[in-house]
Amino acid sequence: MEIDGVRITTIVKDNVAIRCDGCFDIIVGTPWRVNLLDIVATEKPSSWNESPAINPGPFQFHSDPACVRRWMAARDYFFCRRGQVREIMRPVPIPTADGGKVRWGLCDGIHRDDHEFIPA
Ligand SMILES: [Zn+2]
Ligand SMILES: [Zn+2]
């Protein structure tokens with residue numbers, strides 16, 4: 001650009017870089033977006049102060065399942081090893097034996113047998 005005959009060169013810096021929700025590094029190229037489905041049914045009505053609603057996303061990651069698993073682990077989610085990390089994950093409530101706070105497992109919901117949740 002030019003103002004009053006003075007040429008000004010501006011360094012265009014990309015400051016809208018997308019960062020990975022898993023490892024927090026900048027994502028070059030198209031991010032991998034993961035959405036969590038709405039919870040359709042829970043076994044017992046949950047009171048609003050017991051479990052905060054799950055943020056459905058979308059969350060953005062490098063196209064690496066490890067980044068998504070890292071994000072799950074940071075949020076205390078379990079991961080169903082019968083499924084895979086996919087663009088749409090289904091939250092499944094995991095009741096605790098002592099009736100404590102419900103924890104969440106994420107599964108792609110494609111397999112037909114029982115979930116096998118492991119710590120992400
Ligand atoms: Zn990453
Ligand atoms: Zn599963």
# chains A, B, ... in the order shown; residues from 1 in each chain; ligands from 1
>>> residues_near_ligand(ligand="ligand 1", cutoff="7 Å", atoms="only C-alpha atoms and all ligand atoms", output="PDB file with N, CA and C atoms, in the first residue's frame")
ATOM      1  N   CYS A  20      -4.543 -27.245  17.428  1.00  0.00           N
ATOM      2  CA  CYS A  20      -5.060 -28.572  17.736  1.00  0.00           C
ATOM      3  C   CYS A  20      -5.565 -28.598  19.178  1.00  0.00           C
ATOM      4  N   ASP A  21      -6.761 -29.124  19.390  1.00  0.00           N
ATOM      5  CA  ASP A  21      -7.292 -29.219  20.745  1.00  0.00           C
ATOM      6  C   ASP A  21      -6.600 -30.311  21.553  1.00  0.00           C
ATOM      7  N   GLY A  22      -5.790 -31.137  20.887  1.00  0.00           N
ATOM      8  CA  GLY A  22      -5.108 -32.206  21.601  1.00  0.00           C
ATOM      9  C   GLY A  22      -3.725 -31.798  22.054  1.00  0.00           C
ATOM     10  N   CYS A  23      -2.884 -31.343  21.112  1.00  0.00           N
ATOM     11  CA  CYS A  23      -1.501 -31.041  21.459  1.00  0.00           C
ATOM     12  C   CYS A  23      -1.217 -29.549  21.411  1.00  0.00           C
ATOM     13  N   PHE A  24      -2.201 -28.739  21.010  1.00  0.00           N
ATOM     14  CA  PHE A  24      -2.127 -27.268  21.004  1.00  0.00           C
ATOM     15  C   PHE A  24      -1.134 -26.714  19.998  1.00  0.00           C
ATOM     16  N   ASP A  25      -0.637 -27.538  19.121  1.00  0.00           N
ATOM     17  CA  ASP A  25       0.204 -27.031  18.049  1.00  0.00           C
ATOM     18  C   ASP A  25      -0.671 -26.501  16.922  1.00  0.00           C
ATOM     19  N   PHE A  61      -8.434 -31.022  15.355  1.00  0.00           N
ATOM     20  CA  PHE A  61      -7.196 -31.732  15.656  1.00  0.00           C
ATOM     21  C   PHE A  61      -6.355 -31.890  14.407  1.00  0.00           C
ATOM     22  N   HIS A  62      -5.089 -32.245  14.641  1.00  0.00           N
ATOM     23  CA  HIS A  62      -4.296 -32.787  13.549  1.00  0.00           C
ATOM     24  C   HIS A  62      -4.949 -34.093  13.106  1.00  0.00           C
ATOM     25  N   ASP A  64      -4.572 -37.020  13.321  1.00  0.00           N
ATOM     26  CA  ASP A  64      -3.850 -38.059  14.034  1.00  0.00           C
ATOM     27  C   ASP A  64      -4.703 -38.472  15.232  1.00  0.00           C
ATOM     28  N   CYS A  67      -3.795 -37.298  18.790  1.00  0.00           N
ATOM     29  CA  CYS A  67      -4.173 -35.972  19.277  1.00  0.00           C
ATOM     30  C   CYS A  67      -5.572 -36.009  19.889  1.00  0.00           C
TER      31      CYS A  67
END
>>> residues_around(residues="Gly83 (chain A)", least_positions_apart="4", cutoff="8 Å", atoms="only C-alpha atoms", output="VMD selection string")
chain A and resid 107 to 111
>>> residues_around(residues="Trp104 (chain A)", least_positions_apart="2", cutoff="8 Å", atoms="only C-alpha atoms", output="JSON list (two decimals) with N, CA, C and O atoms, in the first residue's frame")
[["chain", "number", "residue", "atom", "x", "y", "z"],
["A", 76, "ASP", "N", -10.80, -36.56, 30.90],
["A", 76, "ASP", "CA", -11.25, -37.68, 31.69],
["A", 76, "ASP", "C", -12.29, -38.53, 30.98],
["A", 76, "ASP", "O", -13.11, -39.16, 31.62],
["A", 77, "TYR", "N", -12.28, -38.50, 29.67],
["A", 77, "TYR", "CA", -13.19, -39.37, 28.93],
["A", 77, "TYR", "C", -12.54, -40.73, 28.75],
["A", 77, "TYR", "O", -11.32, -40.85, 28.66],
["A", 78, "PHE", "N", -13.40, -41.73, 28.65],
["A", 78, "PHE", "CA", -12.91, -43.05, 28.28],
["A", 78, "PHE", "C", -13.08, -43.22, 26.78],
["A", 78, "PHE", "O", -13.87, -42.53, 26.14],
["A", 91, "PRO", "N", -21.24, -39.98, 22.95],
["A", 91, "PRO", "CA", -20.95, -40.11, 24.37],
["A", 91, "PRO", "C", -21.83, -41.16, 25.02],
["A", 91, "PRO", "O", -23.04, -41.18, 24.79],
["A", 92, "VAL", "N", -21.23, -42.01, 25.80],
["A", 92, "VAL", "CA", -21.95, -43.08, 26.49],
["A", 92, "VAL", "C", -21.71, -42.91, 27.99],
["A", 92, "VAL", "O", -20.56, -42.89, 28.42],
["A", 93, "PRO", "N", -22.79, -42.75, 28.77],
["A", 93, "PRO", "CA", -22.57, -42.60, 30.21],
["A", 93, "PRO", "C", -22.09, -43.90, 30.83],
["A", 93, "PRO", "O", -22.60, -44.98, 30.51],
["A", 94, "ILE", "N", -21.09, -43.82, 31.67],
["A", 94, "ILE", "CA", -20.57, -44.99, 32.36],
["A", 94, "ILE", "C", -20.89, -44.81, 33.84],
["A", 94, "ILE", "O", -20.25, -44.00, 34.51],
["A", 102, "VAL", "N", -21.31, -39.69, 37.07],
["A", 102, "VAL", "CA", -21.24, -40.46, 35.84],
["A", 102, "VAL", "C", -20.04, -40.00, 35.02],
["A", 102, "VAL", "O", -19.77, -38.81, 34.91],
["A", 106, "LEU", "N", -16.42, -42.37, 25.00],
["A", 106, "LEU", "CA", -16.70, -41.98, 23.62],
["A", 106, "LEU", "C", -16.49, -43.17, 22.70],
["A", 106, "LEU", "O", -15.50, -43.88, 22.80]]
>>> select_by_dssp(residues="region 48-85 of chain A", states="alpha helix (DSSP H)", output="JSON, numbers by chain")
{"A": [65, 66, 67, 68, 69, 70, 71, 72, 73, 74]}
>>> closest_residue(among="A:His115, A:Val16, A:Ile26, A:Val85", to="Arg70 (chain A)", atoms="only C-alpha atoms")
A:Val85
